[in-house]
Amino acid sequence: MSVSRRTLLKASAAVGLLGGAAAPGLARAQQAEFSYKYANNLPDTHPLNRRAREMAAAIKAETGGRLEIRIFPNNQLGADTDMLNQIRSGGVEFFTLSGLILATLVPAAAINGIGFAFPDYDTVWKAMDGELGGHIRGEITKANLVVMDKIWDNGFRQTTSANRPINGPDDFKGFKIRVPVSPLWTSMFKAFDAAPAAINFSEVYSALQTKVVEGQENPLVLIATAKLYEVQKYCALTNHMWDGFWFLANRRAWEKLPEDLRAIVANTINAAAANERADIAKLNQTLHDDLAAKGLVFNQPSPAPFRDKLRKAGFYAEWKAKFGEQTWSLLEKSAGKLA
Ligand code: X2X
């Protein structure tokens, strides 16, 4: 029997098993030696997903079709806290997650979210591509996850609200604000005397629409791509923290890949991260005007009163003790003295 005839017979047997309708899936399974899932919580139109699609295509091409990465954006496979379980168990092979949410498993990964730590992007990238990021990745590795070198940008976070603008820390008093599911976030908004509610991103639009909460905080790129401006009126440019996404892999799935494939995957993912950072930098130049045109009312409060409020509430002292001397001093080394 010729090879092509044998292959054909095998293929038709498999089609029979799958009921015939799965022919495209079959072609894919035959083609790729490894078919891995990459899940994330962001809209399809966010630069992270645009660059991820490009990245997956490049990996497929450069591995000669041996590794296929299927992308599941927009919480299709569950909310962040579910996906964190899946990346640990191997239910998904790749996942991008905010360090602050990952902190439920790897406490040090929340360090970049300390309020008002970073004055600008230059300081962020020096820290996250340097010693501070290296330290965090070491802790993630100890928790038995694989992490790529370059963190992807989420951004400096801004505060939106439905009924009134946030001009200073006093406006946070009693403010019902959605925060991601993460102890640091809840702690910070409690220090502002706000009323934070921990809600996964998958539920944010509807929580704002149904007024379960009055406001939320996220970078402008997400306020735009997740269309949060449709259910919010005001946007205070609070820049209260910088947040990014670590590109994680399940360890067993990663170690199944031959070393030459791993090198291609890591290089391609890290290159995509660099492009995604540049996309967001570019978008940040126009998003203020774009969102204002869509009806969002902007204000730019001074950061000093917010920082003072956190200091007086004991926020910095509390988290310095929680993170410990090593992690905290690496933050201060790159971003300046805090507490
Ligand atoms: O949940 C959020 O607000 C988001 C999308 O910014 C994060 O993933 C932390």
# chains A, B, ... in the order shown; residues from 1 in each chain; ligands from 1
call {"tool": "residues_around", "arguments": {"residues": "A:Tyr38", "least_positions_apart": "3", "cutoff": "10 Å", "atoms": "only C-alpha atoms", "output": "PDB file with N, CA, C and O atoms, in the first residue's frame"}}
result
ATOM      1  N   ALA A  52      -0.821  38.928  19.123  1.00  0.00           N
ATOM      2  CA  ALA A  52      -0.815  37.482  19.402  1.00  0.00           C
ATOM      3  C   ALA A  52      -1.173  36.694  18.146  1.00  0.00           C
ATOM      4  O   ALA A  52      -0.594  35.630  17.893  1.00  0.00           O
ATOM      5  N   ALA A  56       1.270  33.965  16.547  1.00  0.00           N
ATOM      6  CA  ALA A  56       0.891  32.560  16.325  1.00  0.00           C
ATOM      7  C   ALA A  56       1.185  32.160  14.879  1.00  0.00           C
ATOM      8  O   ALA A  56       1.674  31.050  14.621  1.00  0.00           O
ATOM      9  N   ILE A  69      -0.708  27.472  17.624  1.00  0.00           N
ATOM     10  CA  ILE A  69      -1.266  28.087  18.835  1.00  0.00           C
ATOM     11  C   ILE A  69      -2.649  28.644  18.491  1.00  0.00           C
ATOM     12  O   ILE A  69      -2.784  29.482  17.592  1.00  0.00           O
ATOM     13  N   ARG A  70      -3.651  28.140  19.181  1.00  0.00           N
ATOM     14  CA  ARG A  70      -5.021  28.631  18.980  1.00  0.00           C
ATOM     15  C   ARG A  70      -5.337  29.638  20.074  1.00  0.00           C
ATOM     16  O   ARG A  70      -5.142  29.358  21.261  1.00  0.00           O
ATOM     17  N   ILE A  71      -5.800  30.812  19.675  1.00  0.00           N
ATOM     18  CA  ILE A  71      -6.012  31.905  20.631  1.00  0.00           C
ATOM     19  C   ILE A  71      -7.478  31.974  21.056  1.00  0.00           C
ATOM     20  O   ILE A  71      -8.373  31.930  20.222  1.00  0.00           O
ATOM     21  N   PHE A  72      -7.691  32.077  22.357  1.00  0.00           N
ATOM     22  CA  PHE A  72      -9.037  32.233  22.914  1.00  0.00           C
ATOM     23  C   PHE A  72      -9.090  33.547  23.686  1.00  0.00           C
ATOM     24  O   PHE A  72      -8.768  33.593  24.876  1.00  0.00           O
ATOM     25  N   PRO A  73      -9.463  34.652  23.009  1.00  0.00           N
ATOM     26  CA  PRO A  73      -9.485  35.960  23.667  1.00  0.00           C
ATOM     27  C   PRO A  73     -10.743  36.140  24.513  1.00  0.00           C
ATOM     28  O   PRO A  73     -11.602  35.241  24.566  1.00  0.00           O
ATOM     29  N   LEU A  77     -12.556  31.131  27.576  1.00  0.00           N
ATOM     30  CA  LEU A  77     -12.347  29.893  28.344  1.00  0.00           C
ATOM     31  C   LEU A  77     -12.555  30.099  29.842  1.00  0.00           C
ATOM     32  O   LEU A  77     -12.209  29.244  30.646  1.00  0.00           O
ATOM     33  N   ILE A  87      -4.126  27.140  33.707  1.00  0.00           N
ATOM     34  CA  ILE A  87      -2.716  27.156  33.301  1.00  0.00           C
ATOM     35  C   ILE A  87      -1.896  26.281  34.259  1.00  0.00           C
ATOM     36  O   ILE A  87      -0.920  25.649  33.858  1.00  0.00           O
ATOM     37  N   VAL A  92      -5.131  24.852  29.820  1.00  0.00           N
ATOM     38  CA  VAL A  92      -4.608  25.689  28.732  1.00  0.00           C
ATOM     39  C   VAL A  92      -3.084  25.664  28.834  1.00  0.00           C
ATOM     40  O   VAL A  92      -2.529  25.449  29.919  1.00  0.00           O
ATOM     41  N   GLU A  93      -2.419  25.852  27.685  1.00  0.00           N
ATOM     42  CA  GLU A  93      -0.949  25.784  27.677  1.00  0.00           C
ATOM     43  C   GLU A  93      -0.314  27.156  27.855  1.00  0.00           C
ATOM     44  O   GLU A  93       0.787  27.264  28.395  1.00  0.00           O
ATOM     45  N   PHE A  94      -0.997  28.220  27.360  1.00  0.00           N
ATOM     46  CA  PHE A  94      -0.477  29.585  27.495  1.00  0.00           C
ATOM     47  C   PHE A  94      -1.576  30.498  28.025  1.00  0.00           C
ATOM     48  O   PHE A  94      -2.760  30.308  27.729  1.00  0.00           O
ATOM     49  N   PHE A  95      -1.165  31.532  28.773  1.00  0.00           N
ATOM     50  CA  PHE A  95      -2.135  32.453  29.389  1.00  0.00           C
ATOM     51  C   PHE A  95      -1.396  33.736  29.719  1.00  0.00           C
ATOM     52  O   PHE A  95      -0.254  33.694  30.186  1.00  0.00           O
ATOM     53  N   THR A  96      -2.011  34.888  29.464  1.00  0.00           N
ATOM     54  CA  THR A  96      -1.419  36.150  29.934  1.00  0.00           C
ATOM     55  C   THR A  96      -2.244  36.664  31.105  1.00  0.00           C
ATOM     56  O   THR A  96      -3.474  36.714  31.023  1.00  0.00           O
ATOM     57  N   PHE A 247       3.407  36.634  30.260  1.00  0.00           N
ATOM     58  CA  PHE A 247       3.044  35.560  29.324  1.00  0.00           C
ATOM     59  C   PHE A 247       3.505  34.244  29.943  1.00  0.00           C
ATOM     60  O   PHE A 247       4.695  33.969  30.049  1.00  0.00           O
ATOM     61  N   LEU A 248       2.532  33.449  30.384  1.00  0.00           N
ATOM     62  CA  LEU A 248       2.802  32.236  31.156  1.00  0.00           C
ATOM     63  C   LEU A 248       2.603  30.983  30.302  1.00  0.00           C
ATOM     64  O   LEU A 248       1.768  30.965  29.394  1.00  0.00           O
ATOM     65  N   ALA A 249       3.345  29.929  30.636  1.00  0.00           N
ATOM     66  CA  ALA A 249       3.130  28.628  29.999  1.00  0.00           C
ATOM     67  C   ALA A 249       3.031  27.559  31.080  1.00  0.00           C
ATOM     68  O   ALA A 249       3.673  27.662  32.134  1.00  0.00           O
TER      69      ALA A 249
END
call {"tool": "select_by_dssp", "arguments": {"residues": "stretch 81-223 of chain A", "states": "strand (DSSP E or B)", "output": "ChimeraX atom specification"}}
result
/A:94-98,145-147,152-156,158-161,176-179,195-198,215-218
call {"tool": "atom_distance", "arguments": {"atom1": "atom CA of A:Thr63", "atom2": "atom CA of A:Ile264"}}
result
7.4 Å
call {"tool": "closest_residue", "arguments": {"among": "A:Tyr36, A:Phe192, A:Phe118, A:Tyr229", "to": "A:His288", "atoms": "only C-alpha atoms"}}
result
A:Tyr229
call {"tool": "residues_around", "arguments": {"residues": "A:Asn250", "least_positions_apart": "4", "cutoff": "12 Å", "atoms": "only C-alpha atoms", "output": "PyMOL selection string"}}
result
chain A and resi 36-39+83-96+140-141+143-148+254-257
call {"tool": "closest_atom_pairs", "arguments": {"of": "chain A", "to": "ligand 1", "cutoff": "6 Å", "atoms": "only C-alpha atoms and all ligand atoms", "output": "tab-separated table"}}
result
residue	atom	partner	partner_atom_place_in_ligand_line	distance
A:Ser98	CA	ligand 1	9 (C)	5.0
A:Pro180	CA	ligand 1	1 (O)	4.9
A:Asn200	CA	ligand 1	1 (O)	5.9
A:Phe201	CA	ligand 1	1 (O)	4.2
A:Asn218	CA	ligand 1	6 (O)	5.4
call {"tool": "residues_around", "arguments": {"residues": "A:Glu33", "least_positions_apart": "6", "cutoff": "8 Å", "atoms": "only C-alpha atoms", "output": "list in words"}}
result
Gly65, Arg66 and Leu67 of chain A
call {"tool": "write_last_selection", "arguments": {"atoms": "N, CA and C atoms", "output": "PDB file, in the first residue's frame"}}
result
ATOM      1  N   GLY A  65       5.132  24.370  10.775  1.00  0.00           N
ATOM      2  CA  GLY A  65       3.798  23.815  11.054  1.00  0.00           C
ATOM      3  C   GLY A  65       3.766  22.844  12.218  1.00  0.00           C
ATOM      4  N   ARG A  66       4.879  22.681  12.908  1.00  0.00           N
ATOM      5  CA  ARG A  66       4.894  21.697  14.006  1.00  0.00           C
ATOM      6  C   ARG A  66       4.107  22.171  15.226  1.00  0.00           C
ATOM      7  N   LEU A  67       4.102  23.474  15.482  1.00  0.00           N
ATOM      8  CA  LEU A  67       3.347  24.009  16.631  1.00  0.00           C
ATOM      9  C   LEU A  67       2.297  24.995  16.162  1.00  0.00           C
TER      10      LEU A  67
END
call {"tool": "residues_around", "arguments": {"residues": "A:Lys322", "least_positions_apart": "5", "cutoff": "10 Å", "atoms": "only C-alpha atoms", "output": "ChimeraX atom specification"}}
result
/A:107-108,316-317,327-328
call {"tool": "atom_distance", "arguments": {"atom1": "atom CA of A:Asp308", "atom2": "atom CA of A:Ala321"}}
result
18.7 Å
call {"tool": "select_by_dssp", "arguments": {"residues": "stretch 18-161 of chain A", "states": "helix (DSSP H, G or I)", "output": "number ranges by chain"}}
result
A: 23-31, 47-62, 80-89, 99-102, 107-113, 121-128, 131-142
call {"tool": "residues_around", "arguments": {"residues": "stretch 157-162 of chain A", "least_positions_apart": "3", "cutoff": "10 Å", "atoms": "only C-alpha atoms", "output": "CSV table (one decimal) with all heavy atoms, in the first residue's frame"}}
result
chain,number,residue,atom,x,y,z
A,113,GLY,N,2.4,47.0,41.1
A,113,GLY,CA,1.1,47.7,41.3
A,113,GLY,C,1.0,48.6,42.5
A,113,GLY,O,0.0,49.3,42.7
A,154,ASN,N,-0.1,46.5,29.9
A,154,ASN,CA,-1.5,46.8,30.0
A,154,ASN,C,-1.6,48.3,30.1
A,154,ASN,O,-2.2,48.9,29.2
A,154,ASN,CB,-2.1,46.1,31.3
A,154,ASN,CG,-3.6,46.3,31.4
A,154,ASN,OD1,-4.3,46.8,30.5
A,154,ASN,ND2,-4.2,45.8,32.5
A,165,PRO,N,-17.1,63.3,38.7
A,165,PRO,CA,-15.7,63.2,38.5
A,165,PRO,C,-14.9,62.9,39.8
A,165,PRO,O,-15.4,63.3,40.8
A,165,PRO,CB,-15.3,64.5,37.8
A,165,PRO,CG,-16.3,65.5,38.3
A,165,PRO,CD,-17.6,64.8,38.6
A,166,ILE,N,-13.8,62.3,39.6
A,166,ILE,CA,-12.9,62.1,40.8
A,166,ILE,C,-11.8,63.2,40.7
A,166,ILE,O,-10.9,63.2,39.8
A,166,ILE,CB,-12.2,60.7,40.7
A,166,ILE,CG1,-13.3,59.6,40.7
A,166,ILE,CG2,-11.2,60.6,41.9
A,166,ILE,CD1,-14.1,59.5,42.0
A,175,PHE,N,-16.9,55.5,47.4
A,175,PHE,CA,-17.1,55.3,46.0
A,175,PHE,C,-17.1,53.8,45.7
A,175,PHE,O,-16.2,53.0,46.0
A,175,PHE,CB,-15.9,55.9,45.3
A,175,PHE,CG,-15.9,55.9,43.8
A,175,PHE,CD1,-17.0,56.4,43.0
A,175,PHE,CD2,-14.8,55.3,43.1
A,175,PHE,CE1,-16.9,56.4,41.6
A,175,PHE,CE2,-14.8,55.2,41.7
A,175,PHE,CZ,-15.9,55.8,41.0
A,176,LYS,N,-18.2,53.3,45.1
A,176,LYS,CA,-18.3,51.9,44.8
A,176,LYS,C,-17.5,51.6,43.5
A,176,LYS,O,-18.0,51.9,42.4
A,176,LYS,CB,-19.8,51.5,44.5
A,176,LYS,CG,-20.5,51.1,45.9
A,176,LYS,CD,-21.9,51.0,45.6
A,176,LYS,CE,-22.4,49.5,45.7
A,176,LYS,NZ,-23.8,49.4,45.6
A,177,ILE,N,-16.3,51.0,43.6
A,177,ILE,CA,-15.5,50.9,42.4
A,177,ILE,C,-15.1,49.4,42.3
A,177,ILE,O,-14.8,48.7,43.2
A,177,ILE,CB,-14.2,51.7,42.6
A,177,ILE,CG1,-13.3,51.6,41.3
A,177,ILE,CG2,-13.4,51.4,43.9
A,177,ILE,CD1,-12.1,52.5,41.3
A,208,LEU,N,-21.0,47.6,35.4
A,208,LEU,CA,-21.2,49.0,35.2
A,208,LEU,C,-22.5,49.4,34.7
A,208,LEU,O,-23.2,50.3,35.1
A,208,LEU,CB,-20.1,49.6,34.3
A,208,LEU,CG,-18.6,49.5,34.9
A,208,LEU,CD1,-17.6,49.8,33.8
A,208,LEU,CD2,-18.4,50.5,36.0
A,209,GLN,N,-22.9,48.6,33.7
A,209,GLN,CA,-24.2,48.8,33.0
A,209,GLN,C,-25.4,48.7,34.0
A,209,GLN,O,-26.3,49.5,34.0
A,209,GLN,CB,-24.4,47.8,31.9
A,209,GLN,CG,-25.5,48.2,30.9
A,209,GLN,CD,-25.5,47.2,29.7
A,209,GLN,OE1,-25.2,46.0,29.9
A,209,GLN,NE2,-25.8,47.7,28.6
A,211,LYS,N,-25.1,49.0,37.1
A,211,LYS,CA,-24.8,49.9,38.3
A,211,LYS,C,-24.6,49.1,39.6
A,211,LYS,O,-24.9,49.6,40.7
A,211,LYS,CB,-25.9,51.0,38.5
A,211,LYS,CG,-26.3,51.7,37.2
A,211,LYS,CD,-26.3,53.2,37.3
A,211,LYS,CE,-26.6,53.9,36.1
A,211,LYS,NZ,-25.5,54.3,35.3
A,213,VAL,N,-21.7,48.6,40.4
A,213,VAL,CA,-20.7,49.5,40.8
A,213,VAL,C,-20.8,50.8,40.1
A,213,VAL,O,-21.4,50.8,39.0
A,213,VAL,CB,-19.2,48.9,40.6
A,213,VAL,CG1,-18.9,47.8,41.6
A,213,VAL,CG2,-19.0,48.5,39.2
A,214,GLU,N,-20.2,51.9,40.6
A,214,GLU,CA,-20.3,53.2,40.0
A,214,GLU,C,-19.2,53.4,39.0
A,214,GLU,O,-19.3,54.2,38.0
A,214,GLU,CB,-20.4,54.3,41.0
A,214,GLU,CG,-20.7,55.6,40.3
A,214,GLU,CD,-20.5,56.8,41.3
A,214,GLU,OE1,-20.6,56.6,42.5
A,214,GLU,OE2,-20.2,57.9,40.7
A,215,GLY,N,-18.0,52.8,39.4
A,215,GLY,CA,-16.8,53.1,38.6
A,215,GLY,C,-15.9,51.9,38.5
A,215,GLY,O,-16.1,50.9,39.0
A,216,GLN,N,-14.8,52.2,37.8
A,216,GLN,CA,-13.7,51.2,37.6
A,216,GLN,C,-12.5,51.9,37.2
A,216,GLN,O,-12.5,53.1,37.0
A,216,GLN,CB,-14.1,50.1,36.6
A,216,GLN,CG,-14.2,50.7,35.1
A,216,GLN,CD,-12.9,50.7,34.4
A,216,GLN,OE1,-12.1,49.7,34.5
A,216,GLN,NE2,-12.6,51.8,33.7
A,217,GLU,N,-11.4,51.2,37.2
A,217,GLU,CA,-10.1,51.8,36.8
A,217,GLU,C,-9.4,50.9,35.8
A,217,GLU,O,-9.3,49.6,36.0
A,217,GLU,CB,-9.3,52.2,38.0
A,217,GLU,CG,-9.2,51.1,39.1
A,217,GLU,CD,-8.2,50.1,38.8
A,217,GLU,OE1,-7.0,50.4,38.6
A,217,GLU,OE2,-8.6,48.9,38.6
A,218,ASN,N,-8.9,51.4,34.7
A,218,ASN,CA,-8.2,50.6,33.7
A,218,ASN,C,-7.5,51.6,32.7
A,218,ASN,O,-7.8,52.8,32.7
A,218,ASN,CB,-9.2,49.8,32.8
A,218,ASN,CG,-9.1,48.3,33.1
A,218,ASN,OD1,-8.0,47.7,32.9
A,218,ASN,ND2,-10.2,47.7,33.5
A,219,PRO,N,-6.5,51.1,32.0
A,219,PRO,CA,-5.8,52.0,31.0
A,219,PRO,C,-6.7,52.4,29.9
A,219,PRO,O,-7.7,51.7,29.6
A,219,PRO,CB,-4.7,51.1,30.5
A,219,PRO,CG,-4.5,50.0,31.5
A,219,PRO,CD,-5.9,49.8,32.1
A,220,LEU,N,-6.4,53.5,29.3
A,220,LEU,CA,-7.2,54.1,28.2
A,220,LEU,C,-7.5,53.1,27.1
A,220,LEU,O,-8.6,53.0,26.5
A,220,LEU,CB,-6.6,55.4,27.6
A,220,LEU,CG,-6.5,56.6,28.6
A,220,LEU,CD1,-5.9,57.8,27.8
A,220,LEU,CD2,-7.9,56.9,29.2
A,221,VAL,N,-6.5,52.3,26.7
A,221,VAL,CA,-6.7,51.3,25.6
A,221,VAL,C,-7.8,50.4,25.9
A,221,VAL,O,-8.5,50.0,25.0
A,221,VAL,CB,-5.4,50.5,25.4
A,221,VAL,CG1,-5.5,49.5,24.2
A,221,VAL,CG2,-4.2,51.5,25.1
A,222,LEU,N,-8.0,50.0,27.2
A,222,LEU,CA,-9.0,49.1,27.6
A,222,LEU,C,-10.4,49.8,27.7
A,222,LEU,O,-11.4,49.2,27.4
A,222,LEU,CB,-8.7,48.3,28.9
A,222,LEU,CG,-8.1,47.0,28.6
A,222,LEU,CD1,-7.6,46.3,29.9
A,222,LEU,CD2,-9.2,46.1,28.0
A,223,ILE,N,-10.3,51.0,28.2
A,223,ILE,CA,-11.6,51.8,28.3
A,223,ILE,C,-12.2,51.9,26.8
A,223,ILE,O,-13.4,51.8,26.6
A,223,ILE,CB,-11.3,53.2,28.9
A,223,ILE,CG1,-10.9,53.0,30.4
A,223,ILE,CG2,-12.5,54.1,28.8
A,223,ILE,CD1,-10.3,54.2,31.0
A,228,LEU,N,-15.9,50.6,27.5
A,228,LEU,CA,-16.4,51.0,28.8
A,228,LEU,C,-16.9,52.4,28.8
A,228,LEU,O,-17.7,52.8,29.6
A,228,LEU,CB,-15.2,50.9,29.9
A,228,LEU,CG,-14.6,49.5,30.0
A,228,LEU,CD1,-13.6,49.4,31.1
A,228,LEU,CD2,-15.7,48.4,30.3
A,229,TYR,N,-16.5,53.2,27.8
A,229,TYR,CA,-17.0,54.6,27.7
A,229,TYR,C,-18.5,54.6,27.4
A,229,TYR,O,-19.2,55.6,27.7
A,229,TYR,CB,-16.3,55.3,26.5
A,229,TYR,CG,-16.4,54.7,25.2
A,229,TYR,CD1,-17.5,54.9,24.4
A,229,TYR,CD2,-15.4,53.8,24.7
A,229,TYR,CE1,-17.7,54.2,23.2
A,229,TYR,CE2,-15.5,53.1,23.5
A,229,TYR,CZ,-16.7,53.3,22.8
A,229,TYR,OH,-16.8,52.7,21.6
A,231,VAL,N,-20.6,53.0,29.1
A,231,VAL,CA,-21.4,52.8,30.4
A,231,VAL,C,-20.7,53.7,31.5
A,231,VAL,O,-21.0,53.5,32.7
A,231,VAL,CB,-21.4,51.4,30.8
A,231,VAL,CG1,-22.5,50.6,30.0
A,231,VAL,CG2,-20.1,50.6,30.7
A,232,GLN,N,-19.8,54.6,31.1
A,232,GLN,CA,-19.2,55.5,32.1
A,232,GLN,C,-19.2,57.0,31.5
A,232,GLN,O,-19.3,57.1,30.3
A,232,GLN,CB,-17.7,55.1,32.3
A,232,GLN,CG,-17.6,53.8,33.0
A,232,GLN,CD,-17.8,53.8,34.5
A,232,GLN,OE1,-16.9,54.0,35.2
A,232,GLN,NE2,-19.0,53.7,34.9
A,233,LYS,N,-19.2,58.0,32.4
A,233,LYS,CA,-19.3,59.4,31.9
A,233,LYS,C,-17.9,60.1,32.1
A,233,LYS,O,-17.5,60.9,31.2
A,233,LYS,CB,-20.4,60.1,32.6
A,233,LYS,CG,-20.6,61.5,32.2
A,233,LYS,CD,-21.2,61.6,30.8
A,233,LYS,CE,-21.2,63.0,30.2
A,233,LYS,NZ,-21.5,63.0,28.8
A,234,TYR,N,-17.3,59.9,33.2
A,234,TYR,CA,-16.1,60.7,33.6
A,234,TYR,C,-14.8,59.8,33.6
A,234,TYR,O,-14.9,58.6,33.9
A,234,TYR,CB,-16.2,61.3,35.0
A,234,TYR,CG,-17.4,62.2,35.1
A,234,TYR,CD1,-18.7,61.7,35.6
A,234,TYR,CD2,-17.4,63.5,34.6
A,234,TYR,CE1,-19.8,62.6,35.7
A,234,TYR,CE2,-18.5,64.4,34.7
A,234,TYR,CZ,-19.6,63.9,35.3
A,234,TYR,OH,-20.7,64.7,35.3
A,235,CYS,N,-13.7,60.4,33.2
A,235,CYS,CA,-12.4,59.7,33.3
A,235,CYS,C,-11.4,60.7,34.0
A,235,CYS,O,-11.0,61.7,33.4
A,235,CYS,CB,-12.0,59.3,31.9
A,235,CYS,SG,-10.4,58.4,32.0
A,236,ALA,N,-10.9,60.3,35.2
A,236,ALA,CA,-9.9,61.0,35.9
A,236,ALA,C,-8.5,60.4,35.5
A,236,ALA,O,-8.4,59.1,35.7
A,236,ALA,CB,-10.1,61.0,37.4
A,237,LEU,N,-7.6,61.2,35.0
A,237,LEU,CA,-6.3,60.6,34.6
A,237,LEU,C,-5.4,60.5,35.9
A,237,LEU,O,-4.6,61.3,36.2
A,237,LEU,CB,-5.6,61.5,33.6
A,237,LEU,CG,-6.4,61.6,32.2
A,237,LEU,CD1,-5.9,62.6,31.3
A,237,LEU,CD2,-6.4,60.2,31.6
A,238,THR,N,-5.8,59.5,36.7
A,238,THR,CA,-5.1,59.3,38.0
A,238,THR,C,-3.7,58.6,37.9
A,238,THR,O,-2.9,58.8,38.8
A,238,THR,CB,-6.0,58.5,38.9
A,238,THR,OG1,-6.5,57.3,38.2
A,238,THR,CG2,-7.2,59.3,39.4
A,239,ASN,N,-3.5,57.9,36.8
A,239,ASN,CA,-2.2,57.2,36.6
A,239,ASN,C,-1.8,56.5,37.9
A,239,ASN,O,-0.6,56.6,38.3
A,239,ASN,CB,-1.1,58.2,36.2
A,239,ASN,CG,-1.3,58.6,34.7
A,239,ASN,OD1,-1.3,57.8,33.8
A,239,ASN,ND2,-1.5,59.9,34.5
A,240,HIS,N,-2.7,55.9,38.6
A,240,HIS,CA,-2.4,55.5,40.0
A,240,HIS,C,-1.5,54.2,40.1
A,240,HIS,O,-0.9,53.9,41.1
A,240,HIS,CB,-3.7,55.3,40.8
A,240,HIS,CG,-4.7,54.4,40.2
A,240,HIS,ND1,-5.6,54.9,39.3
A,240,HIS,CD2,-4.9,53.1,40.3
A,240,HIS,CE1,-6.3,53.9,38.9
A,240,HIS,NE2,-5.9,52.8,39.5
A,241,MET,N,-1.4,53.5,39.0
A,241,MET,CA,-0.5,52.3,39.0
A,241,MET,C,-0.2,51.9,37.6
A,241,MET,O,-1.0,52.1,36.7
A,241,MET,CB,-1.0,51.1,39.8
A,241,MET,CG,-2.2,50.5,39.2
A,241,MET,SD,-2.5,48.8,39.9
A,241,MET,CE,-3.2,49.1,41.4
A,242,TRP,N,0.9,51.2,37.4
A,242,TRP,CA,1.2,50.6,36.1
A,242,TRP,C,1.0,49.1,36.2
A,242,TRP,O,1.4,48.5,37.2
A,242,TRP,CB,2.6,50.9,35.6
A,242,TRP,CG,2.9,50.1,34.3
A,242,TRP,CD1,2.5,50.5,33.1
A,242,TRP,CD2,3.4,48.8,34.2
A,242,TRP,NE1,2.8,49.5,32.1
A,242,TRP,CE2,3.3,48.5,32.8
A,242,TRP,CE3,4.0,47.9,35.0
A,242,TRP,CZ2,3.8,47.3,32.3
A,242,TRP,CZ3,4.4,46.7,34.5
A,242,TRP,CH2,4.3,46.4,33.2
A,243,ASP,N,0.4,48.5,35.2
A,243,ASP,CA,0.0,47.1,35.2
A,243,ASP,C,0.4,46.4,33.9
A,243,ASP,O,0.3,47.1,32.9
A,243,ASP,CB,-1.5,47.0,35.5
A,243,ASP,CG,-2.0,45.6,35.5
A,243,ASP,OD1,-1.3,44.7,36.0
A,243,ASP,OD2,-3.2,45.4,35.0
A,296,LEU,N,-16.7,60.9,26.7
A,296,LEU,CA,-16.1,60.8,28.0
A,296,LEU,C,-15.5,62.2,28.5
A,296,LEU,O,-14.9,62.9,27.7
A,296,LEU,CB,-15.0,59.8,27.9
A,296,LEU,CG,-14.6,58.9,29.2
A,296,LEU,CD1,-15.9,58.2,29.7
A,296,LEU,CD2,-13.5,57.9,28.9
A,297,VAL,N,-15.8,62.6,29.7
A,297,VAL,CA,-15.4,63.9,30.2
A,297,VAL,C,-14.1,63.7,31.1
A,297,VAL,O,-14.1,63.0,32.1
A,297,VAL,CB,-16.5,64.5,31.1
A,297,VAL,CG1,-16.0,65.9,31.6
A,297,VAL,CG2,-17.8,64.7,30.2
A,298,PHE,N,-13.0,64.3,30.6
A,298,PHE,CA,-11.7,64.0,31.3
A,298,PHE,C,-11.4,65.1,32.3
A,298,PHE,O,-11.7,66.3,32.1
A,298,PHE,CB,-10.6,64.0,30.2
A,298,PHE,CG,-10.5,62.7,29.5
A,298,PHE,CD1,-11.2,62.5,28.3
A,298,PHE,CD2,-9.7,61.7,30.0
A,298,PHE,CE1,-11.2,61.3,27.6
A,298,PHE,CE2,-9.7,60.5,29.3
A,298,PHE,CZ,-10.4,60.3,28.1
A,300,GLN,N,-7.7,65.9,35.0
A,300,GLN,CA,-6.3,65.5,35.4
A,300,GLN,C,-6.0,65.9,36.8
A,300,GLN,O,-5.4,67.0,37.0
A,300,GLN,CB,-5.3,66.0,34.4
A,300,GLN,CG,-3.9,65.7,34.7
A,300,GLN,CD,-3.2,64.8,33.8
A,300,GLN,OE1,-3.2,65.0,32.6
A,300,GLN,NE2,-2.6,63.7,34.3
call {"tool": "residues_around", "arguments": {"residues": "A:Pro305", "least_positions_apart": "3", "cutoff": "7 Å", "atoms": "only C-alpha atoms", "output": "JSON, numbers by chain"}}
result
{"A": [168, 169, 302, 308, 309]}
